[in-house]
>>> print(open('entry_3.txt').read())   # compact mmCIF, C-alpha atoms
# COMPACT_ATOMS: atom_id res chain seq x y z
CA MET A 1 -30.42 -176.74 12.40
CA ALA A 2 -28.30 -174.16 14.23
CA GLN A 3 -26.20 -175.43 17.11
CA HIS A 4 -26.92 -173.91 20.57
CA TRP A 5 -23.86 -172.81 22.52
CA PRO A 6 -23.85 -172.19 26.33
CA SER A 7 -24.21 -168.59 27.45
CA ILE A 8 -21.49 -166.67 29.26
CA GLN A 9 -23.59 -166.54 32.49
CA SER A 10 -23.55 -170.33 32.77
CA PHE A 11 -19.79 -170.23 33.52
CA PHE A 12 -20.20 -168.01 36.62
CA GLN A 13 -21.56 -168.83 40.10
CA PRO A 14 -24.89 -167.17 40.98
CA ASP A 15 -24.72 -164.09 43.14
CA GLY A 16 -25.41 -165.00 46.79
CA THR A 17 -26.79 -161.58 47.70
CA LYS A 18 -30.40 -162.54 47.01
CA ALA A 19 -30.03 -165.81 48.86
CA ARG A 20 -28.65 -164.00 51.89
CA LYS A 21 -31.52 -161.54 51.77
CA ALA A 22 -34.04 -164.39 51.72
CA ASP A 23 -32.44 -165.92 54.80
CA VAL A 24 -32.85 -162.76 56.80
CA SER A 25 -36.11 -162.88 58.79
CA LYS A 26 -38.71 -160.40 57.70
CA SER A 27 -38.99 -157.59 60.20
CA GLY A 28 -42.36 -156.53 61.57
CA ASP A 29 -44.27 -153.46 60.46
CA GLY A 30 -44.69 -152.05 63.96
CA PHE A 31 -48.42 -152.88 64.35
CA THR A 32 -49.78 -155.23 67.01
CA THR A 33 -52.21 -158.07 66.30
CA GLU A 34 -55.06 -156.14 67.92
CA GLU A 35 -54.42 -153.12 65.69
CA VAL A 36 -54.33 -155.26 62.56
CA ASP A 37 -57.60 -157.02 63.50
CA ALA A 38 -59.23 -153.66 64.18
CA VAL A 39 -58.64 -152.74 60.52
CA LEU A 40 -59.19 -156.12 58.85
CA ARG A 41 -62.11 -157.19 61.07
CA PRO A 42 -63.76 -153.99 62.34
CA VAL A 43 -66.95 -155.87 63.26
CA ASN A 44 -65.21 -157.56 66.21
CA ARG A 45 -63.96 -154.36 67.79
CA PRO A 46 -66.00 -152.53 70.48
CA TRP A 47 -68.35 -149.93 69.08
CA ILE A 48 -69.29 -146.73 70.90
CA PRO A 49 -71.96 -144.55 69.21
CA ARG A 50 -70.82 -141.00 68.61
CA GLN A 51 -74.37 -139.65 68.53
CA GLU A 52 -77.65 -140.53 70.20
CA TYR A 53 -79.85 -143.24 68.66
CA VAL A 54 -83.58 -143.46 69.35
CA GLU A 55 -84.68 -146.91 70.53
CA GLN A 56 -87.89 -148.06 68.79
CA ASN A 57 -89.97 -151.15 68.17
CA ILE A 58 -89.85 -152.52 64.64
CA GLY A 59 -93.57 -151.88 64.19
CA ASP A 60 -93.05 -148.17 64.96
CA LEU A 61 -90.29 -147.57 62.40
CA MET A 62 -90.98 -145.09 59.61
CA PRO A 63 -89.16 -144.84 56.25
CA GLY A 64 -86.66 -142.03 55.95
CA PRO A 65 -83.43 -140.76 57.53
CA GLY A 66 -82.93 -140.92 61.27
CA ARG A 67 -80.65 -142.54 63.83
CA VAL A 68 -82.61 -145.43 65.31
CA THR A 69 -81.81 -148.66 67.13
CA PHE A 70 -84.06 -151.71 67.41
CA THR A 71 -83.88 -155.32 68.55
CA GLY A 72 -85.46 -158.43 67.05
CA ARG A 73 -85.01 -162.11 66.33
CA VAL A 74 -83.89 -163.70 63.08
CA ALA A 75 -86.94 -165.21 61.34
CA ASN A 76 -85.23 -165.98 58.02
CA LEU A 77 -81.82 -165.49 56.42
CA PHE A 78 -80.11 -165.97 53.08
CA GLU A 79 -76.49 -165.32 52.06
CA MET A 80 -75.53 -163.86 48.70
CA GLN A 81 -71.90 -163.75 47.52
CA THR A 82 -70.82 -160.72 45.42
CA PRO A 83 -67.02 -161.07 44.99
CA SER A 84 -65.14 -157.89 44.15
CA LYS A 85 -61.46 -157.07 43.51
CA ARG A 86 -61.80 -153.56 44.90
CA PRO A 87 -59.97 -153.34 48.26
CA ARG A 88 -62.80 -151.80 50.30
CA ALA A 89 -65.77 -153.25 48.44
CA ALA A 90 -68.26 -155.71 49.90
CA ASN A 91 -67.92 -159.38 49.01
CA GLY A 92 -71.51 -160.26 49.79
CA PHE A 93 -74.45 -159.71 52.10
CA VAL A 94 -76.77 -161.64 54.37
CA LYS A 95 -80.44 -160.97 53.83
CA VAL A 96 -82.18 -161.25 57.20
CA ILE A 97 -85.84 -160.98 58.19
CA LEU A 98 -85.78 -159.50 61.68
CA LYS A 99 -88.95 -159.43 63.82
CA ASP A 100 -90.05 -158.49 67.28
CA ASP A 101 -93.47 -158.58 68.94
CA THR A 102 -94.74 -155.61 66.88
CA GLY A 103 -93.49 -156.06 63.32
CA ALA A 104 -90.80 -157.27 60.94
CA LEU A 105 -88.39 -155.77 58.43
CA ILE A 106 -85.70 -156.90 56.01
CA VAL A 107 -82.05 -156.27 56.87
CA ARG A 108 -79.42 -156.35 54.15
CA LEU A 109 -76.20 -156.93 56.08
CA TRP A 110 -73.13 -156.35 53.91
CA PHE A 111 -69.73 -157.84 54.75
CA ALA A 112 -66.21 -157.58 53.30
CA ASN A 113 -64.08 -160.17 55.10
CA ASP A 114 -66.10 -162.43 57.40
CA ALA A 115 -69.72 -163.44 56.91
CA TYR A 116 -71.92 -163.10 59.97
CA GLN A 117 -72.58 -166.41 61.75
CA LEU A 118 -76.34 -166.04 62.15
CA CYS A 119 -78.93 -168.65 63.10
CA LEU A 120 -82.71 -168.73 63.23
CA GLY A 121 -83.96 -167.31 66.52
CA ASP A 122 -80.84 -165.22 67.26
CA LEU A 123 -81.54 -161.99 69.14
CA CYS A 124 -79.90 -159.07 67.32
CA THR A 125 -79.61 -155.32 67.87
CA ILE A 126 -79.11 -152.90 64.97
CA HIS A 127 -78.08 -149.24 64.85
CA ALA A 128 -79.00 -147.63 61.54
CA THR A 129 -79.31 -144.18 60.00
CA TYR A 130 -81.86 -144.77 57.25
CA ILE A 131 -85.01 -146.88 56.82
CA ALA A 132 -86.20 -147.60 53.28
CA HIS A 133 -89.16 -149.31 51.66
CA SER A 134 -88.69 -152.99 50.95
CA ASP A 135 -87.96 -154.13 47.41
CA ILE A 136 -90.48 -156.97 47.90
CA ILE A 137 -94.06 -155.79 47.51
CA SER A 138 -96.71 -158.47 47.89
CA PRO A 139 -99.92 -157.95 49.90
CA THR A 140 -100.57 -161.71 50.02
CA THR A 141 -97.46 -162.52 52.06
CA SER A 142 -96.19 -161.71 55.52
CA VAL A 143 -92.87 -160.29 54.29
CA ALA A 144 -91.94 -156.96 55.88
CA SER A 145 -92.59 -153.74 53.98
CA LEU A 146 -89.49 -151.92 55.30
CA MET A 147 -85.80 -152.53 54.73
CA VAL A 148 -82.50 -151.36 56.17
CA SER A 149 -79.13 -151.77 54.45
CA ILE A 150 -75.98 -151.49 56.58
CA PHE A 151 -72.24 -152.09 56.10
CA PRO A 152 -70.74 -152.02 59.62
CA GLU A 153 -67.19 -152.84 58.41
CA ARG A 154 -67.02 -149.61 56.39
CA ASP A 155 -69.65 -147.33 57.96
CA ASN A 156 -69.02 -146.37 61.59
CA SER A 157 -72.48 -144.81 61.94
CA CYS A 158 -74.21 -148.23 61.82
CA HIS A 159 -73.68 -151.33 63.90
CA PHE A 160 -74.91 -154.92 64.20
CA ILE A 161 -74.54 -157.15 67.25
CA ILE A 162 -75.78 -160.64 68.17
CA GLN A 163 -77.06 -160.73 71.75
CA ASP A 164 -76.70 -163.62 74.20
CA SER A 165 -80.31 -164.85 74.39
CA MET A 166 -79.85 -168.32 75.90
CA SER A 167 -80.37 -167.27 79.53
CA GLY A 168 -81.61 -164.40 81.65
CA ASP A 169 -84.27 -161.86 80.74
CA THR A 170 -83.26 -161.80 77.07
CA SER A 171 -84.34 -165.44 76.59
CA VAL A 172 -88.02 -164.39 76.42
CA LEU A 173 -87.64 -161.22 74.34
CA CYS A 174 -89.30 -160.94 70.91
CA LYS A 175 -90.85 -164.42 71.01
CA ILE A 176 -94.51 -163.50 70.56
CA PRO A 177 -95.76 -164.20 66.99
CA LEU A 178 -97.04 -161.30 64.94
CA GLY A 179 -100.77 -160.79 65.35
CA TYR A 180 -101.05 -162.90 68.50
CA HIS A 181 -103.40 -161.77 71.27
CA GLU A 182 -103.72 -163.55 74.59
CA GLY A 183 -106.85 -165.69 74.76
CA GLN A 184 -107.53 -165.53 71.01
CA PRO A 185 -106.65 -168.07 68.29
CA LEU A 186 -103.66 -167.21 66.12
CA ALA A 187 -104.74 -166.12 62.64
CA GLY A 188 -103.98 -168.66 59.92
CA LEU A 189 -102.90 -171.40 62.35
CA MET A 190 -103.82 -174.92 61.21
CA THR A 191 -102.77 -178.48 61.91
CA LEU A 192 -100.00 -180.09 59.93
CA GLN A 193 -102.48 -182.53 58.36
CA ASN A 194 -104.73 -179.69 57.18
CA PHE A 195 -101.73 -177.84 55.76
CA ILE A 196 -100.64 -180.90 53.77
CA GLU A 197 -104.17 -181.52 52.47
CA GLY A 198 -104.47 -178.08 50.87
CA GLY A 199 -104.05 -175.51 53.61
CA TYR A 200 -100.86 -174.27 51.93
CA GLU A 201 -103.04 -172.54 49.32
CA VAL A 202 -104.42 -170.14 51.94
CA ALA A 203 -102.76 -166.72 52.30
CA ASN A 204 -100.23 -166.64 55.15
CA PRO A 205 -100.80 -170.19 56.44
CA ARG A 206 -99.25 -171.07 59.78
CA VAL A 207 -98.37 -174.46 61.19
CA LEU A 208 -97.03 -175.25 64.66
CA VAL A 209 -94.75 -178.29 64.77
CA CYS A 210 -92.30 -179.98 67.12
CA VAL A 211 -88.85 -181.23 66.14
CA LYS A 212 -88.79 -185.04 66.12
CA SER A 213 -85.36 -185.77 64.65
CA ILE A 214 -82.34 -183.87 63.32
CA GLY A 215 -80.41 -185.36 60.43
CA ALA A 216 -76.76 -184.92 59.58
CA ARG A 217 -75.53 -181.97 57.52
CA LYS A 218 -74.93 -183.31 54.01
CA LYS A 219 -72.63 -181.58 51.53
CA PHE A 220 -72.96 -181.97 47.78
CA THR A 221 -72.27 -180.12 44.55
CA ASN A 222 -75.26 -178.55 42.82
CA LYS A 223 -75.84 -178.15 39.09
CA ALA A 224 -73.97 -174.84 39.07
CA GLY A 225 -70.86 -176.56 40.43
CA LYS A 226 -71.07 -174.91 43.86
CA LEU A 227 -70.86 -176.69 47.20
CA SER A 228 -74.19 -176.76 49.06
CA GLU A 229 -75.42 -178.10 52.39
CA LYS A 230 -78.69 -179.76 53.31
CA VAL A 231 -80.21 -180.75 56.65
CA ASP A 232 -83.33 -182.92 56.96
CA ILE A 233 -85.43 -182.19 60.06
CA GLY A 234 -88.26 -184.49 61.12
CA ILE A 235 -91.29 -182.54 62.39
CA PHE A 236 -94.71 -183.52 63.71
CA ASP A 237 -97.78 -182.43 65.61
CA ASP A 238 -100.72 -184.41 66.98
CA THR A 239 -102.14 -185.01 63.48
CA ALA A 240 -99.28 -185.82 61.07
CA GLU A 241 -95.54 -186.00 60.41
CA ALA A 242 -93.40 -184.37 57.72
CA SER A 243 -89.86 -183.27 56.86
CA LEU A 244 -88.41 -179.77 57.01
CA ILE A 245 -85.55 -179.27 54.54
CA LEU A 246 -82.97 -176.59 55.39
CA TRP A 247 -80.62 -175.48 52.62
CA GLY A 248 -77.34 -173.57 52.83
CA ARG A 249 -76.04 -171.79 55.88
CA ILE A 250 -79.47 -171.77 57.50
CA GLY A 251 -78.79 -175.40 58.39
CA ALA A 252 -76.41 -174.25 61.15
CA SER A 253 -79.48 -173.12 63.11
CA VAL A 254 -80.25 -176.68 64.22
CA SER A 255 -77.32 -176.89 66.68
CA PRO A 256 -79.30 -175.77 69.78
CA TRP A 257 -82.52 -177.56 68.74
CA ARG A 258 -83.64 -180.58 70.75
CA ALA A 259 -85.94 -183.39 69.67
CA SER A 260 -89.39 -183.39 71.35
CA GLN A 261 -88.58 -180.00 72.94
CA THR A 262 -88.00 -177.38 70.24
CA ILE A 263 -91.22 -175.91 68.81
CA LEU A 264 -91.29 -174.15 65.42
CA LEU A 265 -94.02 -171.83 64.17
CA LEU A 266 -93.74 -171.78 60.37
CA THR A 267 -95.50 -168.97 58.49
CA SER A 268 -95.93 -169.44 54.72
CA PRO A 269 -93.52 -172.37 54.34
CA GLY A 270 -92.93 -174.05 50.99
CA ILE A 271 -94.16 -177.60 50.47
CA ARG A 272 -93.39 -180.49 48.15
CA LEU A 273 -95.82 -183.41 48.17
CA GLU A 274 -94.12 -186.78 47.78
CA ARG A 275 -94.38 -190.04 49.67
CA ARG A 276 -93.75 -187.91 52.72
CA ALA A 277 -94.55 -184.20 52.72
CA GLN A 278 -91.44 -182.01 52.58
CA LEU A 279 -91.64 -178.47 53.92
CA SER A 280 -88.99 -175.86 53.14
CA ILE A 281 -88.09 -172.29 54.04
CA THR A 282 -88.59 -169.87 51.15
CA SER A 283 -87.89 -166.15 50.92
CA MET A 284 -91.46 -165.52 52.13
CA THR A 285 -91.25 -167.77 55.21
CA HIS A 286 -91.10 -166.63 58.82
CA VAL A 287 -89.78 -169.04 61.46
CA ASP A 288 -90.48 -168.49 65.16
CA VAL A 289 -88.32 -170.72 67.38
CA ASP A 290 -90.03 -171.66 70.67
CA PRO A 291 -92.76 -168.98 70.45
CA ARG A 292 -94.36 -167.79 73.68
CA ILE A 293 -97.91 -169.02 73.11
CA LYS A 294 -100.06 -171.57 74.94
CA ASP A 295 -100.37 -173.77 71.86
CA ALA A 296 -96.58 -174.24 71.89
CA GLU A 297 -96.63 -175.30 75.55
CA TRP A 298 -99.46 -177.74 74.82
CA LEU A 299 -97.64 -179.27 71.84
CA ARG A 300 -94.45 -179.67 73.90
CA LYS A 301 -96.43 -181.63 76.52
CA VAL A 302 -97.97 -183.81 73.80
CA ALA A 303 -94.50 -184.51 72.42
CA GLY A 304 -93.31 -185.49 75.88
CA ARG A 305 -96.17 -187.96 76.31
CA LEU A 306 -95.54 -189.48 72.88
CA THR A 307 -91.85 -189.83 73.70
CA LYS A 308 -92.63 -191.71 76.92
CA ARG A 309 -95.12 -193.91 75.08
CA GLU A 310 -92.52 -194.90 72.48
CA SER A 311 -89.72 -195.47 75.00
CA VAL A 312 -88.25 -198.93 75.59
CA ASN A 313 -88.88 -200.75 78.89
CA PRO A 314 -91.34 -198.32 80.49
CA VAL A 315 -91.23 -198.09 84.28
CA VAL A 316 -93.81 -200.25 86.04
CA PRO A 317 -95.86 -198.01 88.38
CA GLU A 318 -95.77 -198.80 92.09
CA GLY A 319 -98.88 -198.62 94.23
CA GLY A 320 -101.12 -198.25 91.21
CA PRO A 321 -104.91 -197.91 91.22
CA LEU A 322 -107.49 -200.67 91.48
CA ILE A 323 -109.20 -200.86 88.11
CA ASP A 324 -111.87 -202.75 86.20
CA GLU A 325 -113.96 -202.08 83.11
CA THR A 326 -116.18 -199.57 84.95
CA GLY A 327 -113.60 -197.32 86.57
CA CYS A 328 -110.63 -197.13 88.90
CA LEU A 329 -109.85 -196.36 92.50
CA ALA A 330 -106.66 -194.37 93.12
CA PRO A 331 -104.22 -195.63 95.76
CA GLY A 332 -104.72 -194.25 99.25
CA LYS A 333 -108.29 -193.15 98.53
CA ALA A 334 -110.02 -196.03 100.33
CA ILE A 335 -110.11 -197.09 103.98
CA TRP A 336 -109.83 -200.84 104.51
CA THR A 337 -111.39 -202.45 107.54
CA ALA A 338 -109.59 -205.22 109.41
CA ARG A 339 -112.17 -207.69 108.10
CA ALA A 340 -111.50 -206.66 104.50
CA TRP A 341 -107.76 -207.19 104.95
CA ARG A 342 -108.31 -210.67 106.42
CA GLU A 343 -110.60 -211.65 103.54
CA LEU A 344 -108.10 -210.34 100.95
CA PHE A 345 -105.11 -212.19 102.46
CA GLY A 346 -107.03 -215.24 103.60
CA GLY A 347 -106.36 -214.68 107.30
CA GLU A 348 -103.94 -212.84 109.54
CA LEU A 349 -100.41 -212.13 108.28
CA ASP A 350 -98.78 -212.32 111.68
CA GLY A 351 -96.61 -215.40 112.07
CA ARG A 352 -96.59 -216.42 108.40
CA GLN A 353 -93.44 -217.75 106.80
CA ILE A 354 -91.70 -216.39 103.69
CA GLU A 355 -92.99 -219.29 101.57
CA ASP A 356 -96.56 -218.46 102.60
CA LEU A 357 -96.10 -214.82 101.64
CA LYS A 358 -94.70 -215.80 98.22
CA MET A 359 -97.71 -218.04 97.58
CA LEU A 360 -100.01 -215.21 98.68
CA GLU A 361 -98.27 -212.81 96.30
CA THR A 362 -98.66 -215.26 93.42
CA ARG A 363 -102.36 -215.66 94.18
CA ILE A 364 -103.36 -212.00 94.42
CA VAL A 365 -101.10 -210.44 91.74
CA PHE A 366 -103.34 -209.39 88.81
CA GLY A 367 -106.20 -211.13 90.54
CA ARG A 368 -109.79 -210.02 90.18
CA VAL A 369 -111.70 -209.37 93.39
CA THR A 370 -115.08 -207.93 94.26
CA LEU A 371 -115.07 -205.26 96.93
CA VAL A 372 -117.91 -204.66 99.31
CA PHE A 373 -117.67 -201.00 100.18
CA GLY A 374 -119.46 -198.22 101.98
CA TRP A 375 -119.10 -194.46 102.41
CA GLU A 376 -117.52 -192.65 105.34
CA GLY A 377 -118.86 -189.11 105.50
CA GLU A 378 -116.27 -187.32 107.63
CA GLU A 379 -113.58 -185.02 106.16
CA GLY A 380 -115.23 -184.76 102.77
CA GLY A 381 -116.11 -188.44 102.54
CA ARG A 382 -114.04 -191.51 101.67
CA VAL A 383 -114.72 -195.00 100.36
CA VAL A 384 -114.54 -197.71 103.02
CA VAL A 385 -113.83 -201.30 101.92
CA LEU A 386 -115.93 -203.54 104.14
CA GLY A 387 -115.16 -206.92 102.61
CA VAL A 388 -113.55 -208.82 99.72
CA ARG A 389 -115.19 -211.47 97.53
CA GLU A 390 -113.09 -213.45 95.07
>>> encode(input="entry_3.txt", output="structure tokens")
Amino acid sequence: MAQHWPSIQSFFQPDGTKARKADVSKSGDGFTTEEVDAVLRPVNRPWIPRQEYVEQNIGDLMPGPGRVTFTGRVANLFEMQTPSKRPRAANGFVKVILKDDTGALIVRLWFANDAYQLCLGDLCTIHATYIAHSDIISPTTSVASLMVSIFPERDNSCHFIIQDSMSGDTSVLCKIPLGYHEGQPLAGLMTLQNFIEGGYEVANPRVLVCVKSIGARKKFTNKAGKLSEKVDIGIFDDTAEASLILWGRIGASVSPWRASQTILLLTSPGIRLERRAQLSITSMTHVDVDPRIKDAEWLRKVAGRLTKRESVNPVVPEGGPLIDETGCLAPGKAIWTARAWRELFGGELDGRQIEDLKMLETRIVFGRVTLVFGWEGEEGGRVVVLGVRE
């Protein structure tokens, strides 16, 4: 085996020029942080339209070219990653179903750097230059028939903005379900029990539920080796209870939801029948968060009563009604004569000691008495208690 001898370079010290260059701090490129963000994250910069855009309702949009702007709420969303090594290419898109009070359409929102932080029920405004037909054609579903595809980070002629809809006049915008008319029942609406027992087979079924509980966001690795998230939401109405499973980034929508207060109108949800019915949001599902309909107000009141009924240590009412198996008499609705008071207390109260009053309280609390009453006809009429019989 040949013997290895040291090289000539091993006998010399390394040149310190490179080391000195590394020690020198790297000088800036002359651009400010705001200017860099304007290029890397153009979505965050202020946008001023260069031309006029026609404001329209979603139901009035027509396919074809044209500068239009419209506002709606997020009824469904799904994120798709499409990684690319090209410097200005998109790395994915968010597929959003946007609806207002007149219609719905699909928005394909492309992004390069940062994905849009969208939630169900968000109020959004879009500026677009072209409306196309949707790639989903199914007459048996409620999915929109129109679609718009925008890339705001690369195309300055289109824009996407999330409005502040938690307060003010915007809090009630675009919250009327599609097809709803005041004073008429909502088409396809059924109870949760009827939906579980076979109502899901009907075209475009709708179920109105209230949020009962919100589980923790669980992370796990799916079969494809990707990290996924899951949130389990307890839902109910006056007929049944079930679970609503939220997968992926749509689970972030539960942050502003409140138990026994948030109402969800689910149109065409998926269902899995197990020991407890599990509902899910599919690509065909529409979700209305706190819709402006009377049924939602009624269900919220029912949820409030059920919450009080299940609460611990309920408050004992003061000055409650007189009641027996035939009816009740509300407090303050009867006039008691002096004789009736004496018969109820067993005499006059003037001059009695504290011990006597305690004994009287023990005797009459939850006691059963028979009232001798009459009717006083003035001022609309009132019940007059004439006497008391134990």
>>> residues_around(input="entry_3.txt", residues="Glu297 in chain A", least_positions_apart="6", cutoff="10 Å", atoms="only C-alpha atoms", output="list in words")
Gln261, Ile263, Asp290, Pro291 and Ala303 of chain A
>>> residues_around(input="entry_3.txt", residues="Ala89 in chain A", least_positions_apart="4", cutoff="9 Å", atoms="only C-alpha atoms", output="compact mmCIF listing (two decimals) with C-alpha atoms, keeping the file's coordinate frame")
# COMPACT_ATOMS: atom_id res chain seq x y z
CA PRO A 83 -67.02 -161.07 44.99
CA SER A 84 -65.14 -157.89 44.15
CA LYS A 85 -61.46 -157.07 43.51
CA PHE A 111 -69.73 -157.84 54.75
CA ALA A 112 -66.21 -157.58 53.30
CA ARG A 154 -67.02 -149.61 56.39
>>> closest_residue(input="entry_3.txt", among="A:Cys210, A:Tyr200, A:Arg276, A:Ala90", to="Lys301 in chain A", atoms="all atoms listed in the file")
A:Cys210
>>> residues_around(input="entry_3.txt", residues="Leu279 in chain A", least_positions_apart="4", cutoff="7 Å", atoms="only C-alpha atoms", output="ChimeraX atom specification")
/A:243-245,269-272
>>> write_last_selection(input="entry_3.txt", atoms="C-alpha atoms", output="PDB file, in the coordinates of the input")
ATOM      1  CA  SER A 243     -89.860-183.270  56.860  1.00  0.00           C
ATOM      2  CA  LEU A 244     -88.410-179.770  57.010  1.00  0.00           C
ATOM      3  CA  ILE A 245     -85.550-179.270  54.540  1.00  0.00           C
ATOM      4  CA  PRO A 269     -93.520-172.370  54.340  1.00  0.00           C
ATOM      5  CA  GLY A 270     -92.930-174.050  50.990  1.00  0.00           C
ATOM      6  CA  ILE A 271     -94.160-177.600  50.470  1.00  0.00           C
ATOM      7  CA  ARG A 272     -93.390-180.490  48.150  1.00  0.00           C
TER       8      ARG A 272
END
>>> atom_distance(input="entry_3.txt", atom1="CA of Gly215 in chain A", atom2="CA of Leu227 in chain A")
18.5 Å
>>> atom_distance(input="entry_3.txt", atom1="CA of His181 in chain A", atom2="CA of Ala296 in chain A")
14.2 Å
>>> closest_residue(input="entry_3.txt", among="A:Ala224, A:Val54, A:Leu386, A:Ile214", to="Ile126 in chain A", atoms="only C-alpha atoms")
A:Val54
>>> closest_residue(input="entry_3.txt", among="A:Gln184, A:Ile161, A:Lys358, A:Arg217", to="Val231 in chain A", atoms="only C-alpha atoms")
A:Arg217
>>> atom_distance(input="entry_3.txt", atom1="CA of Ser213 in chain A", atom2="CA of Leu178 in chain A")
27.1 Å
>>> residues_around(input="entry_3.txt", residues="Ala338 in chain A", least_positions_apart="3", cutoff="9 Å", atoms="all atoms listed in the file", output="PyMOL selection string")
chain A and resi 341-343+386-387
>>> closest_residue(input="entry_3.txt", among="A:Ala75, A:Val207, A:Ile131, A:Val287", to="Lys95 in chain A", atoms="all atoms listed in the file")
A:Ala75
>>> residues_around(input="entry_3.txt", residues="Thr282 in chain A", least_positions_apart="2", cutoff="10 Å", atoms="only C-alpha atoms", output="PyMOL selection string")
chain A and resi 76-78+246-247+268-271+279-280+284-286
>>> closest_residue(input="entry_3.txt", among="A:Leu109, A:Ile281, A:Leu173, A:Val68", to="Ala128 in chain A", atoms="only C-alpha atoms")
A:Val68
>>> closest_residue(input="entry_3.txt", among="A:Gly179, A:Pro256, A:Gly248, A:Gly199", to="Gly121 in chain A", atoms="all atoms listed in the file")
A:Pro256
